[in-house]
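These notes are about the structure you will find just below.
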Amino acid sequence: MATLEPVQPATSTRKNPLASLRQTLWQGRLAYLYILPAFLIMAFITFYPLGYQVWMSFTDFQLKHLRLQNPDWVLFDNYIQILKSGLPVTNFNFVRILVFNVVWTAVNVVLHVTIGILVALALNTEGLPGKRIYRSLFVIPWAMPALISGLMWANMWHEQFGAINQLLATIGLPGDTRWLLEPAPVINLPQIGVELPLAFFAVLIANVWLGWPFMMVIATGALQSIPVELYEAAEVDGASGWTKLWRITLPLIRPAMIPAIMIGIMMTFNQFNIIYFVTGGGPLGLTEILVTQGFKLVNPQGWYGVASAFNIIVFLILGAITLGTNRITQATEPYYA
Amino acid sequence: MTTKPLSASSSGSGVSLHNAVAIVWAFAGLLAGLGLSALGIFRAASAPGAADPTTRLPLAVTGVIALAVGGVILWRYVRLLIAIVTQADYKRARHTMKIDLLQILLLTILAVVLFPVVWIFSMSLDSRDFSRPVGLTIIPPGATLDAYKTILTHPSPNPVTFWQLLRNSLLVAGGTALLSVIVGTSAAYAFSRLNFVGRRAGMLGFVIVLMIPAGGTLAPLFVLLNGIKLDLSALQGAIPAVYDFLISLGIGDGTSLRTTLLGLAIAYTSTALPFAIWNMKGFIDSLPYELEEAAQIDGCTRTQGFLRVILPLSTPGLAVTALWGFLTGWSEFILAWTFLSEPTRFTLPMVLRGMIGQYASGTPWSQFSAMAILMSIPAIVIFFLLQRYLVSGLAVGGVKG
């Protein structure tokens with residue numbers, strides 16, 4: 001398509017300031033054109049509903065208002081009821097859910113990243129047979145639809161018929177633990193509002209099973225881009241394996257891991273499928289996280305106004321966490337060209 | 001070869017602690033190889049005389065496998081011990097020890113990774129569901145493929161076949177992948193290469209959307225999509241073939257967008273877009289700018305440079321972005337569950353979710369497992385097909401390699 005047609009060379013227009021301004025504007029117009037489809041989809045499907053949600057959060061919007069009458073203004077009532085844990089929902093305690101959500105995210109991401117990097121390092125060993133097979137099979141948990149993983153782990157933890165208890169019984173351990181139903185806390189730190197029942201460890205294992213391969217793939221890519229010469233030079237200088245790990249490997253994979261960790265934080269904080277399907281938030285709401293509670297306010301409760309306020313609070317909290325993480329990591333991040 | 005004198009001088013040829021550990025390890029490996037081989041021979045030999053004919057085959061198979069693995073280990077360690085005794089090759093011993101410890105670790109992880117998958121597979125063959133006696137067997141007694149037959153013919157109480165559901169899911173997931181790649185890559189190119197007012201704010205705006213909770217905008221989205229109706233009957237007279245094709249996809253028959261697969265795909269695209277833009281921007285950032293400059297000197301416009309230089313070089317990034325979109329559309333169920341009302345347009349996750357009753361004992365677990373396996377296969381196959389792009393195509397955040 002007229003590739004050989006002479007086009008005004010960009011260099012000649014740069015001399016004239018007016019023309020360069022025009023060129024900047026033209027480039028801007030082109031950019032807006034490129035972004036337009038994405039913007040339209042996001043505007044209709046995300047930003048418009050978001051605005052609508054802000055409005056709903058100040059009303060007593062309920063199921064009956066979906067088609068018929070207009071809801072009444074309640075102003076900040078929804079927000080106040082949520083923050084005061086005053087909603088007439090069993091076991092609803094906003095602060096406890098929030099603290100649990102933060103603990104859940106932190107423990108998960110730390111485990112995902114640690115296991116992911118360790119396995120990537122192991123698979124990066126020279127002369128190890130079967131690397132490619134391991135790499136292919138290890139991503140299966142990531143490839144499995146999360147809905148299936150959730151339902152599958154719920155089944156595995158079942159006290160009577162689940163695979164875990166049957167496995168324990170086979171090797172001679174007590175096989176009747178009520179993993180998902182026992183409300184007595186295993187770890188209880190009331191000072192900081194942390195109360196973790198057995199079910200927490202059950203969902204944690206399910207989510208670690210699901211989450212580490214992503215980090216392994218990112219770490220593998222970063223490891224493969226480290227030049228071998230660096231290690232050779234370090235060996236000449238007599239560096240031990242431990243020194244090489246701390247001084248070369250980890251600093252060099254950090255720039256790739258940080259964005260992945262941020263995605264990991266966002267995904268885990270909002271990990272709906274695992275919590276909802278494995279424990280359903282139980283026992284006694286002790287493993288409820290914010291998204292699952294928010295979803296329950298819509299379905300089955302049908303309190304759209306309250307749910308909107310709830311979602312906006314979640315959004316603000318996660319936004320603060322993300323911006324905070326971003327600032328910390330950027331502030332300490334050395335830049336490589 | 002050249003490093004040999006170096007290692008000999010640094011570690012010493014005497015029996016240091018390191019070398020002692022290596023020798024102990026070598027003997028342990030020898031014993032493990034012997035033990036495993038013996039166990040294999042014993043099992044395989046006892047197979048023909050087994051009382052129950054159904055246990056004969058598993059006995060023989062596991063026996064032969066144990067014998068083979070034991071033989072390999074034995075061979076490996078006999079050679080190693082010979083090397084230690086005749087050449088005092090401790091370096092090789094330590095290397096073998098390191099590799100084999102890693103293999104043990106990796107095999108353990110593999111077992112943990114595959115355990116749930118094997119469990120689901122075993123349940124799908126077991127027609128007794130939850131009335132089964134307690135016990136772990138890969139192939140349960142009385143194994144049958146009935147559950148798969150049921151799933152393929154009538155997976156739900158509705159008169160819908162598995163193939164219809166599969167087609168719906170493929171359409172939604174494929175549509176999501178396609179839309180998010182096209183729309184996302186074009187926006188990513190602008191964010192990566194073009195200078196314009198509002199670039200930073202725009203990028204931040206898209207990433208913030210990643211933080212919106214799943215299903216958070218359910219109610220307004222319902223109202224919005226419910227109000228949009230696409231009626232293409234004008235097209236019917238003009239180009240009947242195209243019209244019929246679109247109608248067969250559920251597009252343009254005048255029903256509200258909420259109840260159509262197209263509406264669902266658009267909604268999913270908005271979920272997958274932030275990642276698509278972020279990842280593609282990172283990927284395009286890593287491509288050298290000089291290539292486009294050269295193309296521009298040769299007379300290419302910006303858009304030609306994008307289409308002919310950037311896109312062909314972006315295959316890994318595009319593959320991973322498409323994969324992400326596909327997986328998003330393939331397993332999502334909240335929006336589908338809320339929006340779709342026509343059973344012929346249901347997707348696989350909806351029916352799978354529908355099988356789970358309030359009580360575990362009321363759920364047809366063998367059918368659930370069979371369906372979970374059938375539903376995982378396309379996702380895993382696509383994952384494997386795109387796997388060679390996985391490492392290079394995940395460029396989230398734009399790290400320059």
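Ordered as shown in the structure tokens, chains take letters A, B, and onward, while each chain numbers its residues from 1 and ligands are numbered from 1 in the order shown.
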Within 10 Å of A:Ala202, counting only C-alpha atoms, which residues show up once you throw out same-chain ones fewer than 5 positions away? Write them as a ChimeraX atom specification, please. /A:153-154,156-157,179-180,197,207,275,278-279
Using only C-alpha atoms, which residues sit within 12 Å of stretch 129-138 of chain A once same-chain residues fewer than 5 positions away are excluded, as an MDAnalysis selection string? (chainID A and resid 115:116 119:124 143:144 209:217 220:221) or (chainID B and resid 96 99:100 102:103 105:114 117 380:381 383:388 390:391)
Of B:Ala219, B:Ile277, B:Leu178, B:Ala190, the one nearest to A:Trp303 when counting only C-alpha atoms is B:Ala219
Shell around B:Arg76 at 10 Å using only C-alpha atoms, local window under 2 positions removed, as a list in words: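 The contact residues come out as Ala26, Gly29, Leu30, Gly33, Gly70, Gly71, Val72, Ile73, Leu74, Val78, Arg79, Leu80, Leu81 and Thr96 of chain B.
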Write out as a PyMOL selection string the set of residues from stretch 140-229 of chain A that DSSP, computed on the backbone, places in helix (DSSP H, G or I). chain A and resi 140-143+146-156+163-170+190-192+198-224+228-229
Mind running stretch 28-147 of chain A against stretch 250-263 of chain A at 10 Å and telling me each contacting residue's nearest atom pair with the distance in Å (one decimal), counting only C-alpha atoms, chain and number ascending, as a tab-separated table?
residue	atom	partner	partner_atom	distance
A:Val109	CA	A:Ile261	CA	7.2
A:Val110	CA	A:Ile261	CA	9.1
A:His112	CA	A:Ile261	CA	9.1
A:Val113	CA	A:Ile261	CA	7.5
A:Ile117	CA	A:Leu250	CA	9.2
Atom CA of B:Leu125 to atom CA of A:Asn273: how many Å, to one decimal?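 Computing the Euclidean distance for atom CA of B:Leu125 and atom CA of A:Asn273 yields 25.6 Å.
With only C-alpha atoms as the basis for measurement, B:Ile251 is the residue among B:Ala187, B:Leu17, B:Ile266, B:Ile251 that approaches B:Leu235 most closely.
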Nearby residues (only C-alpha atoms) at most 9 Å from A:Ser57, same-chain spacing under 6 positions excluded, as a list in words: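 After dropping sequence-adjacent residues, the list is Val74, Leu75, Phe76, Asn78, Tyr79, Tyr304, Gly305, Val306, Ala307, Ser308, Ala309, Phe310, Asn311 and Ile312 of chain A.
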How many Å separate atom CA of A:Gly127 from atom CA of B:Met97? 12.4 Å
I'd like to know which of B:Leu374, B:Leu261, B:Ala322, B:Ile82 is closest to B:Leu249, using only C-alpha atoms.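 The answer is B:Leu261, which sits nearest to B:Leu249.
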Could you check which of A:Ile248, A:Leu147, A:Leu196, A:Val139 is closest to A:Ala234, using only C-alpha atoms?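 So, comparing all the options, the nearest one is A:Ile248.
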Pairwise distance for atom CA of A:Ile80 and atom CA of A:Leu98, rounded to one decimal in Å: 15.5 Å
Selection near A:His65, 12 Å with only C-alpha atoms, sequence-local residues under 3 positions removed, as a list in words: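 Selected residues are Met56, Thr59, Asp60, Phe61, Gln62, Leu68, Gln69, Asn70, Pro71, Asp72, Gly302, Trp303, Tyr304 and Gly305 of chain A; Ala219, Pro220 and Val223 of chain B.
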Counting only C-alpha atoms, the residue of B:Ile310, B:Leu101, B:Val242, B:Leu291 that sits nearest chain A: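 Counting only C-alpha atoms, the residue closest to chain A is B:Leu101.
Here the question is which of A:Leu36, A:Ile82, A:Ala106, A:Met152 gets nearest to B:Ser124 using only C-alpha atoms, and that residue is A:Met152.
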